[in-house]
Each structure stands twice: as C-alpha cells, then as structure tokens.
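Peer 1: Dropping in input-v1.cif, which is mmCIF, C-alpha atoms:
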data_work
loop_
_atom_site.label_atom_id
_atom_site.label_comp_id
_atom_site.auth_asym_id
_atom_site.auth_seq_id
_atom_site.Cartn_x
_atom_site.Cartn_y
_atom_site.Cartn_z
CA MET J 13 0.94 19.29 6.11
CA GLN J 14 2.24 19.46 2.57
CA ILE J 15 0.87 17.64 -0.47
CA SER J 16 4.21 15.79 -0.57
CA ASP J 17 3.34 14.25 2.83
CA LEU J 18 0.38 12.42 1.27
CA ILE J 19 0.75 8.92 -0.15
CA SER J 20 -1.61 7.95 -2.96
CA LEU J 21 -3.37 4.64 -2.31
CA GLY J 22 -5.17 4.54 -5.64
CA LYS J 23 -7.46 6.38 -8.05
CA LEU J 24 -11.17 7.00 -8.05
CA GLY J 25 -13.31 6.34 -11.11
CA ASN J 26 -15.13 8.82 -13.31
CA LYS J 27 -18.73 7.76 -12.69
CA THR J 28 -21.02 6.75 -9.86
CA ASP J 29 -23.54 3.96 -9.64
CA ALA J 30 -27.21 4.34 -8.69
CA ASP J 31 -26.35 4.04 -4.98
CA GLY J 32 -23.74 6.83 -5.08
CA PHE J 33 -20.69 4.57 -4.98
CA ILE J 34 -17.60 5.34 -7.04
CA LYS J 35 -15.04 2.76 -8.21
CA PHE J 36 -11.62 2.71 -6.51
CA THR J 37 -8.58 1.22 -8.25
CA GLU J 38 -5.88 0.53 -5.69
CA ASN J 39 -2.14 1.14 -6.11
CA SER J 40 0.38 -1.60 -5.32
CA ASN J 41 1.03 -0.04 -1.88
CA PHE J 42 -2.64 -0.30 -0.86
CA HIS J 43 -3.84 -2.67 1.84
CA PRO J 44 -7.54 -3.15 2.73
CA ARG J 45 -6.78 -2.41 6.41
CA TYR J 46 -6.37 1.24 5.38
CA PHE J 47 -10.15 1.45 5.08
CA SER J 48 -10.35 1.19 8.88
CA VAL J 49 -9.66 4.94 8.66
CA LYS J 50 -12.66 6.98 7.59
CA ASP J 51 -11.02 10.34 6.86
CA PHE J 52 -8.91 10.63 3.71
CA PHE J 53 -7.47 13.26 1.42
CA LEU J 54 -8.32 13.59 -2.25
CA ILE J 55 -5.65 14.94 -4.58
CA PHE J 56 -7.10 16.36 -7.78
CA THR J 57 -5.16 16.52 -11.06
CA ASP J 58 -4.77 20.31 -10.63
CA ASN J 59 -3.12 19.61 -7.20
CA ARG J 60 -6.09 20.76 -5.15
CA VAL J 61 -6.52 18.75 -1.96
CA ARG J 62 -9.82 18.02 -0.24
CA TYR J 63 -10.44 16.34 3.11
CA VAL J 64 -13.29 13.78 2.93
CA THR J 65 -14.99 11.14 5.03
CA ILE J 66 -15.87 7.69 3.71
CA ASP J 67 -19.40 6.55 4.50
CA LYS J 68 -19.23 2.99 3.15
CA VAL J 69 -16.84 0.68 1.30
CA GLN J 70 -17.93 -2.33 -0.74
CA ASN J 71 -15.64 -4.98 -2.17
CA GLU J 72 -17.63 -6.86 -4.78
CA ASN J 73 -15.59 -7.27 -7.96
CA GLY J 74 -13.29 -4.47 -6.81
CA PHE J 75 -13.61 -1.68 -4.30
CA ARG J 76 -16.39 0.89 -4.43
CA ILE J 77 -16.54 3.88 -2.08
CA LYS J 78 -19.37 6.13 -0.94
CA PHE J 79 -18.45 9.48 0.62
CA LEU J 80 -20.43 11.37 3.26
CA GLU J 81 -19.94 14.61 1.31
CA ALA J 82 -22.34 14.29 -1.63
CA ASP J 83 -20.94 17.33 -3.43
CA VAL J 84 -17.47 15.83 -3.63
CA VAL J 85 -18.64 12.95 -5.84
CA GLU J 86 -19.62 15.36 -8.63
CA GLU J 87 -16.21 17.00 -8.31
CA ILE J 88 -14.44 13.62 -8.53
CA VAL J 89 -16.37 12.54 -11.62
CA LYS J 90 -15.75 15.87 -13.33
CA ALA J 91 -12.01 15.95 -12.51
CA ASN J 92 -11.22 12.28 -13.36
CA ASN J 93 -8.16 10.42 -11.97
CA VAL J 94 -8.53 11.81 -8.45
CA LYS J 95 -6.15 10.13 -5.98
CA LEU J 96 -7.30 8.80 -2.61
CA SER J 97 -4.49 9.52 -0.14
CA LEU J 98 -3.34 9.36 3.47
CA PRO J 99 -0.31 10.87 5.21
CA GLN J 100 2.63 8.47 5.56
CA SER J 101 2.42 8.91 9.34
CA ASP J 102 -1.16 7.51 9.31
CA LEU J 103 -0.09 4.54 7.18
CA ASP J 104 2.80 3.78 9.53
CA LEU J 105 0.47 3.97 12.55
CA LEU J 106 -2.07 1.62 10.92
CA ASP J 107 0.68 -0.86 10.04
CA GLU J 108 2.07 -0.69 13.58
CA LYS J 109 -1.37 -1.25 15.17
CA SER J 110 -1.94 -4.30 13.00
CA GLY J 111 1.46 -5.75 13.89
CA VAL J 112 2.97 -5.10 10.48
CA ILE J 113 6.70 -4.44 10.48
CA ASN J 114 7.92 -2.04 7.82
CA PRO J 115 10.70 -4.07 6.19
CA THR J 116 12.23 -1.23 4.16
CA GLY J 117 15.93 -0.97 4.96
CA MET J 118 16.11 -4.35 6.70
CA LYS J 119 18.90 -6.79 5.80
CA ILE J 120 18.00 -10.11 4.20
CA ILE J 121 19.81 -13.06 5.79
CA PHE J 122 20.01 -16.33 3.85
CA ASN J 123 22.16 -19.27 5.01
CA GLU J 124 23.55 -16.98 7.75
CA GLN J 125 24.82 -14.46 5.18
CA ASN J 126 23.61 -10.94 4.41
CA ILE J 127 22.55 -11.15 0.76
CA GLY J 128 20.93 -7.72 0.40
CA THR J 129 18.56 -5.04 1.67
CA VAL J 130 14.81 -4.56 1.35
CA MET J 131 14.28 -1.49 -0.83
CA ASP J 132 10.49 -1.57 -1.09
CA LYS J 133 7.41 -3.72 -0.68
CA PHE J 134 4.15 -3.97 -2.56
CA ASN J 135 0.96 -5.95 -2.26
CA ASN J 136 -0.20 -8.11 -5.16
CA SER J 137 -3.71 -8.35 -3.60
CA VAL J 138 -2.84 -11.75 -2.10
CA TYR J 139 0.28 -11.02 -0.02
CA ASP J 140 3.13 -8.54 0.28
CA ILE J 141 6.20 -8.87 -1.93
CA LEU J 142 9.59 -7.68 -0.66
CA VAL J 143 11.79 -5.95 -3.25
CA VAL J 144 15.39 -6.76 -2.33
CA LYS J 145 18.54 -5.19 -3.78
CA MET J 146 21.10 -7.94 -3.56
CA LYS J 147 24.83 -7.47 -2.92
CA ASN J 148 25.46 -8.21 -6.63
CA ASN J 149 23.08 -5.30 -7.51
CA LYS J 150 20.41 -7.64 -8.87
CA GLU J 151 16.81 -7.27 -7.74
CA LEU J 152 15.06 -10.14 -5.99
CA LEU J 153 11.33 -10.39 -5.24
CA ILE J 154 10.47 -12.43 -2.15
CA PRO J 155 6.84 -13.14 -1.19
CA ASP J 156 6.19 -12.29 2.46
CA VAL J 157 4.83 -15.74 3.34
CA LYS J 158 5.91 -18.45 5.80
CA ALA J 159 7.39 -20.58 3.02
CA TYR J 160 10.11 -17.93 2.50
CA ILE J 161 10.19 -15.74 5.62
CA LYS J 162 11.63 -17.61 8.57
CA GLU J 163 11.92 -14.68 10.99
CA LYS J 164 11.58 -10.89 11.10
CA ASN J 165 13.74 -9.28 13.73
CA PRO J 166 13.33 -5.49 13.92
CA GLU J 167 15.80 -5.26 16.83
CA ARG J 168 18.59 -6.65 14.62
CA ASN J 169 17.09 -4.95 11.54
CA GLU J 170 17.04 -8.22 9.61
CA ILE J 171 14.76 -10.72 7.96
CA VAL J 172 15.88 -14.34 7.87
CA VAL J 173 14.70 -16.12 4.72
CA THR J 174 14.66 -19.73 3.59
CA ASN J 175 13.84 -21.72 0.43
CA ILE J 176 14.73 -18.86 -1.93
CA GLU J 177 17.19 -20.75 -4.15
CA GLU J 178 14.71 -20.94 -7.03
CA LEU J 179 13.77 -17.27 -6.62
CA MET J 180 17.44 -16.32 -6.86
CA ASP J 181 17.79 -18.30 -10.11
CA LEU J 182 15.02 -16.36 -11.87
#
Show this structure as structure tokens.
Peer 2:
Amino acid sequence: MQISDLISLGKLGNKTDADGFIKFTENSNFHPRYFSVKDFFLIFTDNRVRYVTIDKVQNENGFRIKFLEADVVEEIVKANNVKLSLPQSDLDLLDEKSGVINPTGMKIIFNEQNIGTVMDKFNNSVYDILVVKMKNNKELLIPDVKAYIKEKNPERNEIVVTNIEELMDL
C-alpha cells in the first residue's frame, strides 16, 4: 500500500485530556460510521505513516479519540496536524455494508432529462451533499435527503431528483 492509497478523514489535535483522549477534527468526507473500524493509519506531517488501533471514541462537543498505543499519543502531540486515515478500499467497503451508494459519476435526472453528473459528495455533519456539474458547466449542490432525491438507481447509473427548482436558481 502506498501513502497515496490513504484517504484523510480529519486531523488530530495537539494535546490530550486527563483521560488520554485527543481531539479529532473531521474532514468533509468523514462519516461517523467509519469509527466502526478500529484500525487506522496516521499520516504525520513528515509523511511517516503509523498503523494504530482506536481504543475508545467519544462524541461530546466534537470527537475525541483514545488509542491503544500510549506512545503514539506523545508522537501525535509533538508532530501536530497528524491525519487520521483509511484506505479508499476500506471506505468503499464500509459504505457498501451500510447500504450507501457511491454517487460519484452518476447522472442526475430532473423532469426526465439528464441535467448533469455527480462529481463529488461531502457531509455537512447533518446529511450528505451531492456536488453536481450541470450540462451548462455550473455547479449545483443537492442535499441527499428525501425532499430532493426521488430514486437512486445504480443499475442505470442515475439519480432521479425532484423539487430542485429553487436550488438551480441559486
């Protein structure tokens, strides 16, 4: 595995609390289901990589993580801005197990017309947002909620949307 195979989910803080927990600030691609995995990779600012196991995760006013390897916490604090990462293959497997369909590359169908393609998605800590490149080269953000997503059909590689008139006018 190469360092380029690892996807950063967020950054770890530069201090620990009395219980040995360290603050975790998630990236936009992070989803809490990723903490169902216990083994992660740390990417240090000097591009060193370390394999670690999470002991506990708390989510009180933000995520805090405690690692099984006590020595790694000192290293994290000293290095600052250490990235918590997983391989893309692990993320895809977790999404698949939880029934999540990766929408990237899927066509967006509105009023029976292809209006664009999903280029990316991110989570705003409430729900996923689809980033769509429209046929007119404009970018459209569509929340992945029932009010806008009528159907996801991976077999046809399309997502049928509804009620997006106001979103298109923004």
Peer 1: J:Ile176, J:Ile19, J:Val49, J:Leu24: which is nearest Lys90 of chain J, counting only C-alpha atoms?
Peer 2: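 Under the stated criterion, the closest residue is J:Leu24.
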Peer 1: Just how far from atom CA of Thr65 of chain J is atom CA of Glu81 of chain J, in Å to one decimal?
Peer 2: 7.1 Å
Peer 1: Can you work out which one of J:Phe134, J:Asn148, J:Ile113, J:Ile120 has the shortest atom-to-atom distance to Tyr160 of chain J, counting only C-alpha atoms?
Peer 2: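 Smallest separation from Tyr160 of chain J among the options: J:Ile120.
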Peer 1: Please provide the set of residues having any atom within 12 Å of Arg168 of chain J, restricted to all atoms listed in the file, with same-chain residues fewer than 5 positions apart removed, written as a list in words.
Peer 2: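 Everything that qualifies: Pro115, Gly117, Met118, Lys119, Ile120, Ile121 and Glu163 of chain J.
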Peer 1: Could you check the closest approach to Asp51 of chain J for each of J:Asp181, J:Asp17, J:Asp31, J:Asp102 and tell me which residue wins, using all atoms listed in the file?
Peer 2: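 Checking each of J:Asp181, J:Asp17, J:Asp31, J:Asp102 against Asp51 of chain J, counting all atoms listed in the file, the winner is J:Asp102.
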Peer 1: Could you write out as number ranges by chain the residues that the PyMOL selection byres ((chain J and resi 177-180) around 9) matches in the shown file?
Peer 2: J: 152-154, 174-176, 181-182
Peer 1: Would you mind exporting the chosen residues as a PDB file, in the coordinates of the input, restricted to C-alpha atoms?
Peer 2:
ATOM      1  CA  LEU J 152      15.060 -10.140  -5.990  1.00  0.00           C
ATOM      2  CA  LEU J 153      11.330 -10.390  -5.240  1.00  0.00           C
ATOM      3  CA  ILE J 154      10.470 -12.430  -2.150  1.00  0.00           C
ATOM      4  CA  THR J 174      14.660 -19.730   3.590  1.00  0.00           C
ATOM      5  CA  ASN J 175      13.840 -21.720   0.430  1.00  0.00           C
ATOM      6  CA  ILE J 176      14.730 -18.860  -1.930  1.00  0.00           C
ATOM      7  CA  ASP J 181      17.790 -18.300 -10.110  1.00  0.00           C
ATOM      8  CA  LEU J 182      15.020 -16.360 -11.870  1.00  0.00           C
TER       9      LEU J 182
END
Peer 1: Nearest to Phe42 of chain J: which of J:Asn126, J:Asn149, J:Ser97, J:Asn114 is it, counting only C-alpha atoms?
Peer 2: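 Among the listed residues, J:Ser97 lies closest to Phe42 of chain J.
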Peer 1: If the PyMOL selection byres ((chain J and resi 50) around 12) is run on the structure shown, which residues does it catch, given as number ranges by chain?
Peer 2: J: 45-49, 51-53, 63-69, 77-80, 96-98, 102
Peer 1: So, counting all atoms listed in the file, which residue among J:Phe56, J:Lys23, J:Ile127, J:Ser110 is closest to Glu87 of chain J?
Peer 2: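 Comparing J:Phe56, J:Lys23, J:Ile127, J:Ser110 against Glu87 of chain J, the winner is J:Phe56.
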Peer 1: Which residues match the PyMOL selection byres ((chain J and resi 143) around 6) in the file above, as a short mmCIF file (atom, residue, chain, number, x, y, z; two decimals) with C-alpha atoms, in the frame of the given file?
Peer 2:
data_model
loop_
_atom_site.label_atom_id
_atom_site.label_comp_id
_atom_site.auth_asym_id
_atom_site.auth_seq_id
_atom_site.Cartn_x
_atom_site.Cartn_y
_atom_site.Cartn_z
CA VAL J 130 14.81 -4.56 1.35
CA MET J 131 14.28 -1.49 -0.83
CA ASP J 132 10.49 -1.57 -1.09
CA LYS J 133 7.41 -3.72 -0.68
CA LEU J 142 9.59 -7.68 -0.66
CA VAL J 144 15.39 -6.76 -2.33
CA LEU J 152 15.06 -10.14 -5.99
CA LEU J 153 11.33 -10.39 -5.24
#
Peer 1: Which residue gives the smallest distance to Phe75 of chain J among J:Lys35, J:His43, J:Lys109, J:Lys27, with all atoms listed in the file counted?
Peer 2: J:Lys35
Peer 1: So how far away is atom CA of Asp107 of chain J from atom CA of Val173 of chain J, in Å?
Peer 2: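 Rounded to one decimal, the two atoms are 21.4 Å apart.
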Peer 1: Work out how far atom CA of Val94 of chain J is from atom CA of Leu106 of chain J, in Å to one decimal.
Peer 2: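 Atom CA of Val94 of chain J lies 22.8 Å from atom CA of Leu106 of chain J.
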Peer 1: Asp156 of chain J: which residues within 9 Å, counting only C-alpha atoms, same-chain residues fewer than 3 positions away excluded, as a short mmCIF file (atom, residue, chain, number, x, y, z; two decimals) with C-alpha atoms, in the frame of the given file?
Peer 2:
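File written: selection-v8.cif
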data_model
loop_
_atom_site.label_atom_id
_atom_site.label_comp_id
_atom_site.auth_asym_id
_atom_site.auth_seq_id
_atom_site.Cartn_x
_atom_site.Cartn_y
_atom_site.Cartn_z
CA TYR J 139 0.28 -11.02 -0.02
CA ASP J 140 3.13 -8.54 0.28
CA ILE J 141 6.20 -8.87 -1.93
CA LEU J 142 9.59 -7.68 -0.66
CA ALA J 159 7.39 -20.58 3.02
CA TYR J 160 10.11 -17.93 2.50
CA ILE J 161 10.19 -15.74 5.62
#
Peer 1: Which centre and which edge lengths, in Å to one decimal, describe the axis-aligned box that holds all listed atoms of segment 28-46 of chain J after 4 Å is added on each side, as AutoDock Vina command-line options?
Peer 2:
--center_x -13.1 --center_y 1.8 --center_z -1.7 --size_x 36.2 --size_y 18.0 --size_z 24.3
Peer 1: List every protein, DNA or RNA residue that has an atom no more than 7 Å from (-0.4, 6.1, -2.8) in the file's coordinate frame, counting all atoms listed in the file, and report them as JSON, numbers by chain.
Peer 2: {"J": [19, 20, 21, 22, 39, 41, 97]}
